[in-house]
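*Asks:* Here you go, target-v4.cif (mmCIF, C-alpha atoms):
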data_final
loop_
_atom_site.label_atom_id
_atom_site.label_comp_id
_atom_site.auth_asym_id
_atom_site.auth_seq_id
_atom_site.Cartn_x
_atom_site.Cartn_y
_atom_site.Cartn_z
CA MET E 1303 34.70 -73.28 -31.05
CA SER E 1304 36.42 -76.59 -31.42
CA THR E 1305 39.99 -77.34 -30.38
CA THR E 1306 40.85 -78.29 -33.94
CA ASP E 1307 40.61 -74.67 -35.09
CA VAL E 1308 43.84 -73.46 -36.63
CA ILE E 1309 42.73 -69.82 -36.73
CA ARG E 1310 40.42 -68.08 -34.27
CA THR E 1311 39.58 -64.45 -33.93
CA HIS E 1312 37.60 -62.86 -31.13
CA ARG E 1313 35.99 -59.48 -31.84
CA LEU E 1314 39.06 -58.61 -33.89
CA THR E 1315 39.01 -54.91 -34.78
CA ARG E 1316 41.47 -52.59 -36.50
CA TYR E 1317 41.23 -48.85 -37.05
CA PHE E 1318 43.40 -46.76 -39.36
CA GLY E 1319 42.94 -43.29 -37.96
CA ARG E 1320 39.20 -42.96 -37.39
CA ARG E 1321 38.27 -45.51 -40.01
CA ALA E 1322 37.40 -49.03 -38.91
CA VAL E 1323 38.88 -51.39 -41.51
CA VAL E 1324 38.15 -54.63 -39.66
CA ARG E 1325 35.19 -54.72 -37.30
CA GLU E 1326 34.40 -57.21 -34.54
CA LEU E 1327 35.53 -60.29 -36.45
CA ASP E 1328 34.56 -63.62 -34.88
CA PHE E 1329 35.95 -66.13 -37.30
CA SER E 1330 37.46 -69.59 -37.10
CA VAL E 1331 39.15 -71.96 -39.50
CA PRO E 1332 39.04 -75.70 -38.75
CA ARG E 1333 42.14 -77.81 -39.40
CA GLY E 1334 42.17 -79.49 -42.80
CA SER E 1335 39.92 -77.00 -44.54
CA VAL E 1336 40.58 -74.73 -47.50
CA VAL E 1337 38.88 -71.39 -46.88
CA GLY E 1338 38.20 -68.88 -49.63
CA LEU E 1339 38.34 -65.38 -48.16
CA LEU E 1340 36.25 -63.17 -50.42
CA GLY E 1341 35.52 -59.47 -50.49
CA LEU E 1342 35.94 -56.35 -52.60
CA ASN E 1343 39.20 -54.42 -52.47
CA GLY E 1344 39.23 -52.51 -49.20
CA ALA E 1345 36.89 -54.96 -47.43
CA GLY E 1346 39.61 -55.72 -44.86
CA LYS E 1347 41.00 -59.04 -46.13
CA THR E 1348 44.67 -58.04 -46.24
CA THR E 1349 44.43 -56.19 -42.92
CA THR E 1350 42.94 -59.32 -41.33
CA ILE E 1351 45.71 -61.48 -42.80
CA ARG E 1352 48.40 -59.09 -41.57
CA MET E 1353 46.96 -59.22 -38.04
CA LEU E 1354 46.79 -63.04 -38.14
CA LEU E 1355 50.48 -63.16 -39.09
CA GLY E 1356 51.40 -60.73 -36.30
CA PHE E 1357 52.53 -57.99 -38.70
CA LEU E 1358 49.90 -55.56 -37.45
CA GLU E 1359 48.50 -54.98 -33.95
CA PRO E 1360 44.75 -55.23 -33.53
CA THR E 1361 43.12 -52.08 -32.17
CA ARG E 1362 40.76 -54.29 -30.12
CA GLY E 1363 40.04 -57.99 -29.85
CA THR E 1364 42.39 -60.91 -30.37
CA CYS E 1365 43.44 -63.45 -32.94
CA GLU E 1366 45.09 -66.82 -32.50
CA VAL E 1367 46.99 -68.89 -35.01
CA LEU E 1368 47.96 -72.52 -34.26
CA GLY E 1369 46.81 -71.95 -30.68
CA ARG E 1370 49.07 -68.89 -30.10
CA ASP E 1371 48.17 -65.24 -29.89
CA SER E 1372 49.31 -63.67 -33.16
CA ARG E 1373 51.18 -60.92 -31.30
CA GLU E 1374 53.39 -63.51 -29.61
CA LEU E 1375 54.30 -65.93 -32.40
CA THR E 1376 57.63 -67.63 -31.66
CA PRO E 1377 60.01 -68.57 -34.49
CA ASP E 1378 58.98 -72.23 -33.96
CA VAL E 1379 55.33 -71.43 -34.57
CA ARG E 1380 56.15 -69.11 -37.46
CA ALA E 1381 58.05 -71.93 -39.15
CA ARG E 1382 54.76 -73.87 -39.25
CA ILE E 1383 52.98 -71.07 -41.11
CA GLY E 1384 53.57 -70.38 -44.79
CA HIS E 1385 52.41 -67.21 -46.48
CA THR E 1386 52.81 -65.36 -49.72
CA VAL E 1387 52.24 -61.64 -50.14
CA GLU E 1388 50.51 -59.77 -52.94
CA GLY E 1389 52.93 -59.35 -55.85
CA HIS E 1390 55.21 -62.32 -54.88
CA PHE E 1391 58.45 -60.65 -53.84
CA LEU E 1392 61.65 -62.57 -54.72
CA HIS E 1393 65.30 -61.51 -55.05
CA PRO E 1394 65.55 -60.64 -58.76
CA TRP E 1395 69.24 -61.62 -59.06
CA MET E 1396 68.70 -65.22 -57.88
CA ARG E 1397 68.31 -68.14 -60.21
CA VAL E 1398 65.32 -70.42 -59.53
CA ARG E 1399 67.74 -73.14 -58.38
CA GLU E 1400 69.24 -70.69 -55.91
CA CYS E 1401 65.79 -69.83 -54.58
CA GLU E 1402 65.42 -73.55 -53.86
CA ARG E 1403 68.78 -73.65 -52.04
CA PHE E 1404 67.92 -70.45 -50.16
CA GLY E 1405 64.65 -72.03 -49.04
CA ARG E 1406 66.37 -75.26 -48.04
CA GLU E 1407 68.78 -73.38 -45.79
CA THR E 1408 66.17 -71.13 -44.20
CA HIS E 1409 63.49 -73.74 -43.44
CA PRO E 1410 63.81 -76.43 -40.76
CA GLN E 1411 61.74 -78.78 -42.94
CA TRP E 1412 62.15 -78.73 -46.69
CA ASP E 1413 60.56 -80.86 -49.38
CA GLY E 1414 62.80 -80.39 -52.42
CA SER E 1415 60.76 -82.70 -54.65
CA PHE E 1416 57.61 -80.69 -53.96
CA PHE E 1417 59.48 -77.55 -55.05
CA GLU E 1418 60.68 -79.25 -58.27
CA GLN E 1419 57.22 -80.52 -59.10
CA ALA E 1420 55.54 -77.18 -58.40
CA VAL E 1421 57.92 -75.11 -60.55
CA ARG E 1422 57.59 -77.66 -63.37
CA ARG E 1423 53.81 -77.16 -63.29
CA PHE E 1424 54.32 -73.45 -63.82
CA GLY E 1425 56.63 -74.25 -66.76
CA ILE E 1426 59.72 -72.76 -65.13
CA ASP E 1427 63.33 -73.50 -66.08
CA THR E 1428 65.33 -73.82 -62.84
CA ASP E 1429 68.34 -72.15 -64.50
CA ALA E 1430 66.32 -69.01 -65.20
CA LYS E 1431 66.95 -65.82 -63.25
CA VAL E 1432 64.00 -64.52 -61.25
CA SER E 1433 64.20 -61.20 -63.12
CA TRP E 1434 63.56 -63.02 -66.42
CA LEU E 1435 60.39 -64.71 -65.23
CA SER E 1436 56.82 -63.70 -66.04
CA ARG E 1437 54.50 -62.64 -63.25
CA GLY E 1438 52.83 -66.06 -63.30
CA GLN E 1439 56.18 -67.84 -63.11
CA ARG E 1440 57.33 -65.62 -60.23
CA ALA E 1441 54.10 -66.56 -58.44
CA GLY E 1442 55.03 -70.20 -59.08
CA VAL E 1443 58.51 -69.84 -57.57
CA SER E 1444 57.12 -67.94 -54.59
CA LEU E 1445 54.42 -70.53 -54.02
CA ALA E 1446 56.82 -73.45 -54.48
CA SER E 1447 59.25 -71.88 -51.98
CA THR E 1448 56.47 -71.39 -49.44
CA LEU E 1449 54.95 -74.86 -49.83
CA ALA E 1450 58.23 -76.77 -49.88
CA GLY E 1451 58.71 -75.56 -46.30
CA ALA E 1452 55.87 -77.99 -45.45
CA PRO E 1453 53.79 -75.53 -43.39
CA GLU E 1454 50.75 -76.73 -41.44
CA LEU E 1455 48.91 -73.53 -42.24
CA LEU E 1456 49.16 -71.71 -45.54
CA ILE E 1457 47.94 -68.13 -45.92
CA LEU E 1458 47.80 -66.82 -49.48
CA ASP E 1459 46.88 -63.18 -50.10
CA ASP E 1460 45.41 -62.96 -53.58
CA PRO E 1461 47.90 -65.39 -55.17
CA ALA E 1462 45.98 -65.40 -58.47
CA LEU E 1463 46.22 -61.63 -59.02
CA GLY E 1464 47.35 -60.99 -62.59
CA LEU E 1465 48.06 -64.64 -63.43
CA ASP E 1466 47.58 -66.02 -66.94
CA PRO E 1467 45.18 -69.00 -67.33
CA VAL E 1468 48.00 -71.57 -67.40
CA SER E 1469 49.52 -70.27 -64.17
CA ARG E 1470 46.06 -70.13 -62.59
CA ARG E 1471 45.55 -73.78 -63.32
CA ALA E 1472 49.02 -74.58 -61.98
CA LEU E 1473 48.18 -72.60 -58.84
CA ASN E 1474 44.96 -74.55 -58.27
CA GLU E 1475 46.70 -77.89 -58.89
CA THR E 1476 49.51 -76.99 -56.50
CA ILE E 1477 47.06 -76.06 -53.73
CA ILE E 1478 45.10 -79.32 -54.17
CA GLU E 1479 48.34 -81.32 -54.16
CA PHE E 1480 49.56 -79.51 -51.04
CA CYS E 1481 46.34 -80.37 -49.16
CA GLU E 1482 46.39 -84.01 -50.18
CA SER E 1483 47.17 -85.34 -46.72
CA GLY E 1484 44.02 -83.71 -45.29
CA ASP E 1485 45.58 -82.17 -42.17
CA ARG E 1486 46.96 -79.03 -43.80
CA THR E 1487 44.91 -75.84 -43.74
CA VAL E 1488 44.74 -73.06 -46.31
CA LEU E 1489 43.34 -69.54 -46.05
CA LEU E 1490 43.20 -68.03 -49.50
CA SER E 1491 41.98 -64.56 -50.44
CA SER E 1492 40.83 -64.27 -54.02
CA HIS E 1493 38.57 -62.55 -56.51
CA LEU E 1494 38.32 -65.60 -58.77
CA LEU E 1495 35.06 -67.18 -57.69
CA ASP E 1496 35.27 -70.17 -60.05
CA ASP E 1497 38.68 -71.09 -58.68
CA VAL E 1498 37.49 -70.71 -55.10
CA GLU E 1499 34.52 -72.96 -55.85
CA ARG E 1500 36.97 -75.61 -57.08
CA VAL E 1501 39.65 -75.58 -54.41
CA ALA E 1502 37.83 -74.40 -51.27
CA ASP E 1503 35.44 -76.25 -48.98
CA ARG E 1504 34.67 -73.24 -46.79
CA VAL E 1505 33.90 -69.66 -47.65
CA ALA E 1506 34.26 -66.41 -45.69
CA VAL E 1507 32.82 -63.22 -47.12
CA MET E 1508 33.91 -59.80 -45.83
CA VAL E 1509 31.96 -56.64 -46.57
CA ASP E 1510 33.14 -53.27 -45.23
CA GLY E 1511 35.30 -54.83 -42.52
CA ARG E 1512 32.59 -57.22 -41.31
CA MET E 1513 32.42 -60.93 -41.89
CA LEU E 1514 28.95 -61.65 -43.23
CA VAL E 1515 29.44 -65.29 -44.20
CA ASP E 1516 31.60 -67.97 -42.57
CA SER E 1517 30.41 -71.49 -43.45
CA THR E 1518 31.00 -74.50 -45.65
CA LEU E 1519 30.64 -73.78 -49.32
CA ASP E 1520 27.66 -76.11 -49.66
CA ASP E 1521 25.78 -74.69 -46.66
CA PHE E 1522 26.35 -71.23 -48.07
CA ARG E 1523 24.91 -72.25 -51.45
CA ASN E 1524 21.94 -73.98 -49.86
CA ARG E 1525 21.09 -71.03 -47.64
CA VAL E 1526 20.87 -68.49 -50.43
CA ALA E 1527 17.83 -68.40 -52.71
CA ALA E 1528 16.67 -66.00 -55.40
CA TRP E 1529 13.44 -64.90 -57.04
CA VAL E 1530 12.60 -62.76 -60.03
CA LEU E 1531 9.61 -60.51 -59.38
CA ASP E 1532 7.60 -58.62 -61.95
CA VAL E 1533 6.74 -55.45 -60.05
CA PRO E 1534 6.79 -51.83 -61.27
CA GLN E 1535 9.33 -50.48 -58.76
CA ASP E 1536 12.05 -51.67 -56.37
CA PRO E 1537 10.18 -54.13 -54.11
CA THR E 1538 12.46 -53.41 -51.14
CA ILE E 1539 11.10 -49.85 -50.99
CA MET E 1540 7.50 -51.10 -50.85
CA ARG E 1541 8.03 -53.76 -48.20
CA THR E 1542 10.64 -55.34 -45.97
CA ILE E 1543 11.60 -58.79 -47.19
CA PRO E 1544 12.95 -60.90 -44.30
CA GLY E 1545 16.44 -62.20 -45.03
CA LEU E 1546 17.04 -59.86 -47.96
CA VAL E 1547 20.65 -59.84 -49.20
CA HIS E 1548 20.41 -57.88 -52.40
CA CYS E 1549 17.92 -56.60 -54.93
CA ARG E 1550 18.80 -55.47 -58.43
CA PRO E 1551 16.86 -54.65 -61.57
CA ILE E 1552 17.05 -57.02 -64.54
CA GLY E 1553 15.26 -55.47 -67.48
CA ASN E 1554 11.81 -54.48 -66.21
CA ARG E 1555 11.86 -57.03 -63.40
CA TRP E 1556 13.65 -57.33 -60.04
CA HIS E 1557 16.07 -60.02 -58.99
CA VAL E 1558 15.84 -60.55 -55.23
CA THR E 1559 18.44 -62.61 -53.32
CA VAL E 1560 17.54 -63.84 -49.84
CA ALA E 1561 19.45 -65.71 -47.12
CA ASP E 1562 17.61 -68.41 -45.14
CA PRO E 1563 14.19 -67.84 -46.73
CA ASP E 1564 11.21 -68.97 -44.62
CA GLU E 1565 7.40 -68.63 -44.74
CA GLU E 1566 7.67 -64.95 -43.82
CA THR E 1567 9.90 -64.35 -46.83
CA THR E 1568 7.45 -65.95 -49.23
CA ALA E 1569 4.53 -64.24 -47.51
CA ALA E 1570 6.24 -60.86 -47.87
CA MET E 1571 6.81 -61.52 -51.55
CA GLU E 1572 3.22 -62.56 -52.11
CA ARG E 1573 2.02 -59.32 -50.52
CA LEU E 1574 3.90 -57.42 -53.23
CA GLN E 1575 1.20 -58.58 -55.67
CA ALA E 1576 3.73 -59.08 -58.41
CA ALA E 1577 2.48 -59.90 -61.92
CA SER E 1578 4.76 -62.93 -61.65
CA ILE E 1579 7.03 -64.51 -59.03
CA GLU E 1580 9.62 -66.95 -60.28
CA ARG E 1581 12.10 -68.83 -58.14
CA VAL E 1582 15.45 -68.95 -59.94
CA GLU E 1583 18.55 -71.07 -59.40
CA VAL E 1584 21.54 -69.59 -57.63
CA THR E 1585 25.13 -70.28 -58.60
CA PHE E 1586 28.00 -69.89 -56.14
CA GLU E 1587 28.99 -66.74 -58.01
CA ASP E 1588 25.45 -65.29 -57.80
CA ALA E 1589 25.37 -65.90 -54.06
CA VAL E 1590 28.75 -64.26 -53.44
CA LEU E 1591 28.02 -61.32 -55.75
CA ALA E 1592 24.74 -60.65 -53.94
CA TYR E 1593 26.69 -60.16 -50.72
CA LEU E 1594 29.48 -58.15 -52.31
CA SER E 1595 27.09 -55.85 -54.16
CA ARG E 1596 25.52 -54.77 -50.90
CA SER E 1597 28.48 -52.65 -49.95
CA ARG E 1598 28.31 -50.82 -53.26
CA VAL E 1599 24.76 -49.57 -52.74
CA GLY E 1600 25.07 -48.27 -49.19
CA HIS E 1601 23.11 -49.60 -46.28
CA SER E 1602 20.22 -47.13 -46.05
CA PHE E 1603 17.33 -49.43 -46.83
CA TYR E 1604 19.32 -52.67 -46.70
CA SER E 1605 19.60 -52.51 -42.91
CA GLY E 1606 17.00 -55.26 -42.53
CA ALA E 1607 19.19 -57.71 -44.43
CA ALA E 1608 20.23 -60.93 -42.75
CA SER E 1609 23.89 -61.57 -42.27
CA MET N 1267 34.98 -92.88 -67.73
CA GLN N 1268 35.75 -89.19 -67.97
CA ILE N 1269 34.22 -86.91 -65.33
CA ARG N 1270 34.13 -83.17 -65.94
CA VAL N 1271 33.21 -80.43 -63.51
CA ILE N 1272 32.15 -76.92 -64.40
CA PRO N 1273 32.41 -74.30 -61.66
CA GLY N 1274 29.91 -71.46 -61.79
CA SER N 1275 26.97 -73.65 -62.78
CA SER N 1276 23.77 -74.01 -60.80
CA ALA N 1277 24.70 -77.53 -59.63
CA ALA N 1278 27.29 -77.73 -56.85
CA ILE N 1279 30.51 -79.50 -57.85
CA TYR N 1280 29.87 -82.50 -55.56
CA ARG N 1281 26.46 -82.87 -57.21
CA GLN N 1282 28.01 -82.79 -60.70
CA ILE N 1283 30.41 -85.58 -59.72
CA ALA N 1284 27.73 -87.75 -58.09
CA ASP N 1285 25.32 -87.31 -61.01
CA GLN N 1286 27.96 -88.22 -63.61
CA ILE N 1287 28.86 -91.42 -61.77
CA ARG N 1288 25.17 -92.35 -61.52
CA ARG N 1289 24.77 -91.64 -65.23
CA GLY N 1290 27.90 -93.66 -66.02
CA ILE N 1291 26.37 -96.65 -64.23
CA ALA N 1292 22.97 -96.21 -65.87
CA SER N 1293 24.53 -96.05 -69.35
CA GLY N 1294 26.68 -99.13 -68.71
CA GLU N 1295 29.95 -97.21 -68.94
CA LEU N 1296 30.59 -98.34 -65.36
CA ALA N 1297 29.70 -101.94 -64.52
CA VAL N 1298 29.01 -103.63 -61.19
CA GLY N 1299 32.32 -104.25 -59.43
CA ASP N 1300 34.23 -101.57 -61.33
CA ALA N 1301 36.56 -99.57 -59.12
CA VAL N 1302 36.12 -95.79 -58.99
CA PRO N 1303 39.22 -93.61 -58.50
CA SER N 1304 40.21 -92.82 -54.92
CA VAL N 1305 39.05 -89.50 -53.47
CA ARG N 1306 42.58 -88.09 -53.70
CA THR N 1307 43.16 -89.25 -57.26
CA LEU N 1308 39.87 -87.83 -58.51
CA ALA N 1309 40.42 -84.58 -56.58
CA LYS N 1310 43.79 -84.13 -58.29
CA GLU N 1311 42.45 -85.11 -61.68
CA LEU N 1312 39.52 -82.70 -61.54
CA VAL N 1313 41.46 -80.03 -59.60
CA VAL N 1314 38.78 -79.80 -56.91
CA ASN N 1315 38.89 -79.93 -53.13
CA ALA N 1316 39.17 -83.50 -51.81
CA ASN N 1317 36.32 -82.90 -49.34
CA THR N 1318 34.07 -82.09 -52.30
CA VAL N 1319 34.85 -85.44 -53.92
CA ALA N 1320 34.47 -87.19 -50.57
CA LYS N 1321 31.01 -85.64 -50.19
CA ALA N 1322 29.93 -86.99 -53.60
CA TYR N 1323 31.23 -90.47 -52.74
CA ALA N 1324 29.58 -90.40 -49.31
CA GLU N 1325 26.23 -89.71 -50.95
CA LEU N 1326 26.70 -92.53 -53.47
CA ILE N 1327 27.71 -94.94 -50.72
CA ARG N 1328 24.72 -93.89 -48.59
CA ASP N 1329 22.41 -94.51 -51.54
CA GLY N 1330 23.95 -97.92 -52.18
CA VAL N 1331 25.34 -96.91 -55.58
CA LEU N 1332 28.92 -97.50 -54.47
CA GLU N 1333 30.28 -99.77 -51.77
CA THR N 1334 33.63 -99.72 -50.03
CA GLN N 1335 35.94 -102.62 -49.37
CA ALA N 1336 38.35 -102.04 -46.52
CA GLY N 1337 41.75 -100.99 -47.86
CA LYS N 1338 40.71 -101.35 -51.50
CA GLY N 1339 38.58 -98.27 -52.11
CA ALA N 1340 35.12 -97.85 -53.60
CA PHE N 1341 33.38 -100.00 -56.21
CA VAL N 1342 30.14 -99.90 -58.14
CA ALA N 1343 27.71 -101.85 -55.97
CA SER N 1344 25.54 -104.67 -57.21
CA ARG N 1345 22.07 -103.27 -57.43
CA ARG N 1346 20.19 -103.72 -54.21
CA ASP N 1347 16.78 -102.40 -53.42
CA ILE N 1348 17.39 -99.90 -50.70
CA TYR N 1349 13.90 -98.45 -51.03
CA SER N 1350 10.53 -100.07 -50.41
CA LYS N 1351 8.40 -100.92 -53.46
CA ALA N 1352 6.10 -97.97 -52.78
CA GLU N 1353 9.03 -95.58 -52.42
CA ARG N 1354 10.62 -96.85 -55.62
CA LEU N 1355 7.35 -96.30 -57.47
CA ARG N 1356 7.06 -92.80 -56.06
CA ARG N 1357 10.58 -91.97 -57.21
CA LEU N 1358 9.93 -93.50 -60.62
CA ASP N 1359 6.82 -91.34 -61.01
CA ASP N 1360 8.80 -88.23 -60.08
CA ALA N 1361 11.50 -89.01 -62.61
CA LEU N 1362 9.00 -89.82 -65.37
CA GLU N 1363 6.91 -86.73 -64.76
CA ILE N 1364 9.96 -84.49 -65.23
CA ALA N 1365 10.96 -86.29 -68.42
CA ILE N 1366 7.42 -86.35 -69.83
CA SER N 1367 6.65 -82.71 -69.15
CA ALA N 1368 9.97 -81.67 -70.69
CA SER N 1369 9.22 -83.84 -73.74
CA ILE N 1370 5.70 -82.42 -74.15
CA ALA N 1371 7.13 -78.92 -73.90
CA LEU N 1372 9.31 -79.83 -76.89
CA ASN N 1373 6.14 -80.61 -78.84
CA PHE N 1374 6.40 -84.42 -79.06
CA ASN N 1375 3.34 -86.62 -78.84
CA GLY N 1376 2.87 -89.70 -76.68
CA ASP N 1377 3.84 -92.23 -79.38
CA GLU N 1378 7.01 -90.35 -80.28
CA ILE N 1379 8.02 -90.12 -76.62
CA LEU N 1380 7.34 -93.83 -76.06
CA ALA N 1381 9.27 -94.88 -79.17
CA ARG N 1382 12.23 -92.75 -78.21
CA MET N 1383 12.10 -94.08 -74.66
CA GLN N 1384 12.06 -97.66 -75.95
CA SER N 1385 15.11 -97.10 -78.13
CA LYS N 1386 16.98 -95.51 -75.20
CA LEU N 1387 16.09 -98.49 -73.00
CA ASN N 1388 17.30 -100.88 -75.69
CA LYS N 1389 20.59 -99.00 -75.92
CA MET N 1390 21.11 -99.21 -72.16
CA GLN N 1391 20.17 -102.93 -72.32
CA VAL N 1392 17.77 -102.67 -69.40
#
Written as structure tokens, that's how I'd like the structure from this file.
*Replies:*
Amino acid sequence: MSTTDVIRTHRLTRYFGRRAVVRELDFSVPRGSVVGLLGLNGAGKTTTIRMLLGFLEPTRGTCEVLGRDSRELTPDVRARIGHTVEGHFLHPWMRVRECERFGRETHPQWDGSFFEQAVRRFGIDTDAKVSWLSRGQRAGVSLASTLAGAPELLILDDPALGLDPVSRRALNETIIEFCESGDRTVLLSSHLLDDVERVADRVAVMVDGRMLVDSTLDDFRNRVAAWVLDVPQDPTIMRTIPGLVHCRPIGNRWHVTVADPDEETTAAMERLQAASIERVEVTFEDAVLAYLSRSRVGHSFYSGAAS
Amino acid sequence: MQIRVIPGSSAAIYRQIADQIRRGIASGELAVGDAVPSVRTLAKELVVNANTVAKAYAELIRDGVLETQAGKGAFVASRRDIYSKAERLRRLDDALEIAISASIALNFNGDEILARMQSKLNKMQV
């Protein structure tokens, strides 16, 4: 691990009762990167974020943010971290202008012009009361308030949830603008894969509490390959395919996604004696979905899959 | 020139940017010495991560398509031969084979393909 990591976890684990929600996470985020944290609902994303922010004790393992153990974050360190929560809580009786003043008085550093610019992008009137705003506009005020505090590290838990297309675009633009200087870091959980592909340069995929992918977006894309096989039944029952991520039927054929394919992978596929083997292109979305679909089908015969 | 990126396609976003700049130069839309937008400007314009744009530019600079001038940004480079003659021929063959097989698949004959190719070349003033 390099010293420029802004977030580091070491075997981070959290149980709720007897259920492990986050398991043995070894994960790091280098300074200056925008990381898309992906996973189905219940995969452990929010629990991980809450532990990073020191809101929840790990059951085992540790996590560090800006070089400090998350359980011992001082107010000084906290002031360098910005975060928004799911649903974007704001005081409903405040006017947007008052939210700005509130932020100014509660943050040691405050960039009022960034706030102005961000709320304008979301099409918000600063005289409006928070309770009048749409969900997308509330997200805009919440994001503007967080970013105007000029944090070094920004943690956004599903900021795009329920946003209209205009607010989504404003959200993406605001994140890009915020990162302009290149030394600010963003961890962003999301379900919107197209948006993540735009704004992120790293991707972390969680499945059932485990982190299966943690790499640059391009490495991730390059490592995942897919084939369409014309065989009568599920090829993963007939043979083990090294590196298998996911296999699903498409019509009468089988779509097989593999991580880090090598000669053994192709050899295994040739032994299936398929009527046809066709290598197909993989989009970012295909690659992510292959990982996320794994948790839906159970692990019985997917245990040989590479992670 | 207008660059557009489409997330969710089979080409990575950095590849889409690099390919469009190459195409812009080939079609004459960008001329030798033209400035390209800075990494930050293009990142904001396209709403994509700045590192993604930087990766596209790095590839174009490595391939001699763009060159940088200290403090002034990146420009379309004057064409230099960065490959040996043999390598250039090999790459030409690769490119032609793809174009020809696609054209044949569309049911055109050799004369039609050649005529069309000639008119394209004339348009690009090569």
*Asks:* Name the closest residue to E:Glu1580 among the candidates E:Leu1531, E:Leu1392, E:Val1547, E:Ile1539; distances are taken between atoms, counting all atoms listed in the file.
*Replies:*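 Counting all atoms listed in the file, the residue closest to E:Glu1580 is E:Leu1531.
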*Asks:* Please find the residues of chain N near chain E - the criterion being any atom within 6 Å, counting only C-alpha atoms - and write them as a list in words.
*Replies:*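 Matching residues, ligands excluded from the count: Pro1273, Gly1274, Ser1275, Ser1276, Val1313, Val1314 and Asn1315 of chain N.
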*Asks:* At a cut-off of 9 Å, using all atoms listed in the file, what residues contact stretch 1337-1353 of chain N? Leave out same-chain residues fewer than 6 positions from it and give the result as a list of chain:residue names.
*Replies:* N:Ile1291, N:Leu1296, N:Ala1297, N:Val1298, N:Gly1299, N:Asp1300, N:Ala1301, N:Val1302, N:Pro1303, N:Ser1304, N:Val1305, N:Tyr1323, N:Ile1327, N:Asp1329, N:Gly1330, N:Val1331
*Asks:* Could you please determine the separation between atom CA of E:Pro1551 and atom CA of E:Leu1591 in Å, to one decimal place?
*Replies:*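 Value for the atom CA of E:Pro1551-atom CA of E:Leu1591 distance: 14.2 Å.
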*Asks:* For the file shown, report as a list in words the outcome of the PyMOL selection byres ((chain N and resi 1271) around 9) at residue level.
*Replies:* Arg1500 of chain E; Ile1269, Arg1270, Ile1272, Pro1273, Ile1279, Tyr1280, Gln1282, Ile1283, Leu1312 and Val1314 of chain N
*Asks:* Please write as a ChimeraX atom specification the full residue list that the PyMOL selection byres ((chain E and resi 1528) around 9) yields on this file.
*Replies:* /E:1526-1527,1529-1530,1557-1561,1580-1584,1589
*Asks:* At what distance in Å, to one decimal, does atom CA of E:Gly1346 lie from atom CA of E:Ser1444?
*Replies:* 23.5 Å
*Asks:* Compare N:Asn1388, N:Leu1332, N:Met1267, N:Met1383 by their minimum atom-to-atom distance to N:Leu1362, counting all atoms listed in the file, and give me the closest one.
*Replies:*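 Checking each of N:Asn1388, N:Leu1332, N:Met1267, N:Met1383 against N:Leu1362, counting all atoms listed in the file, the winner is N:Met1383.
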*Asks:* Name every residue that the PyMOL selection byres ((chain E and resi 1455) around 12) selects in this structure, writing the answer as a short mmCIF file (atom, residue, chain, number, x, y, z; two decimals) with C-alpha atoms, in the frame of the given file with chains first and numbers rising.
*Replies:*
data_model
loop_
_atom_site.label_atom_id
_atom_site.label_comp_id
_atom_site.auth_asym_id
_atom_site.auth_seq_id
_atom_site.Cartn_x
_atom_site.Cartn_y
_atom_site.Cartn_z
CA ASP E 1307 40.61 -74.67 -35.09
CA VAL E 1308 43.84 -73.46 -36.63
CA ILE E 1309 42.73 -69.82 -36.73
CA VAL E 1331 39.15 -71.96 -39.50
CA PRO E 1332 39.04 -75.70 -38.75
CA ARG E 1333 42.14 -77.81 -39.40
CA GLY E 1334 42.17 -79.49 -42.80
CA SER E 1335 39.92 -77.00 -44.54
CA VAL E 1336 40.58 -74.73 -47.50
CA VAL E 1337 38.88 -71.39 -46.88
CA LEU E 1354 46.79 -63.04 -38.14
CA LEU E 1355 50.48 -63.16 -39.09
CA VAL E 1367 46.99 -68.89 -35.01
CA LEU E 1368 47.96 -72.52 -34.26
CA GLY E 1369 46.81 -71.95 -30.68
CA VAL E 1379 55.33 -71.43 -34.57
CA ARG E 1380 56.15 -69.11 -37.46
CA ALA E 1381 58.05 -71.93 -39.15
CA ARG E 1382 54.76 -73.87 -39.25
CA ILE E 1383 52.98 -71.07 -41.11
CA GLY E 1384 53.57 -70.38 -44.79
CA HIS E 1385 52.41 -67.21 -46.48
CA THR E 1386 52.81 -65.36 -49.72
CA THR E 1448 56.47 -71.39 -49.44
CA LEU E 1449 54.95 -74.86 -49.83
CA GLY E 1451 58.71 -75.56 -46.30
CA ALA E 1452 55.87 -77.99 -45.45
CA PRO E 1453 53.79 -75.53 -43.39
CA GLU E 1454 50.75 -76.73 -41.44
CA LEU E 1456 49.16 -71.71 -45.54
CA ILE E 1457 47.94 -68.13 -45.92
CA LEU E 1458 47.80 -66.82 -49.48
CA ILE E 1477 47.06 -76.06 -53.73
CA PHE E 1480 49.56 -79.51 -51.04
CA CYS E 1481 46.34 -80.37 -49.16
CA GLY E 1484 44.02 -83.71 -45.29
CA ASP E 1485 45.58 -82.17 -42.17
CA ARG E 1486 46.96 -79.03 -43.80
CA THR E 1487 44.91 -75.84 -43.74
CA VAL E 1488 44.74 -73.06 -46.31
CA LEU E 1489 43.34 -69.54 -46.05
CA LEU E 1490 43.20 -68.03 -49.50
#
*Asks:* Where's the centre, and what are the edge lengths in Å to one decimal, of a box along x, y and z enclosing all listed atoms of stretch 1361-1378 of chain N padded 8 Å per side, as lines of an AutoDock Vina configuration file?
*Replies:*
center_x = 7.2
center_y = -85.6
center_z = -71.4
size_x = 24.6
size_y = 29.3
size_z = 33.7
*Asks:* Could you jot down the atom CA of E:Ala1446 to atom CA of E:Glu1407 separation for me, Å, one decimal place?
*Replies:*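 So the answer is 14.8 Å.
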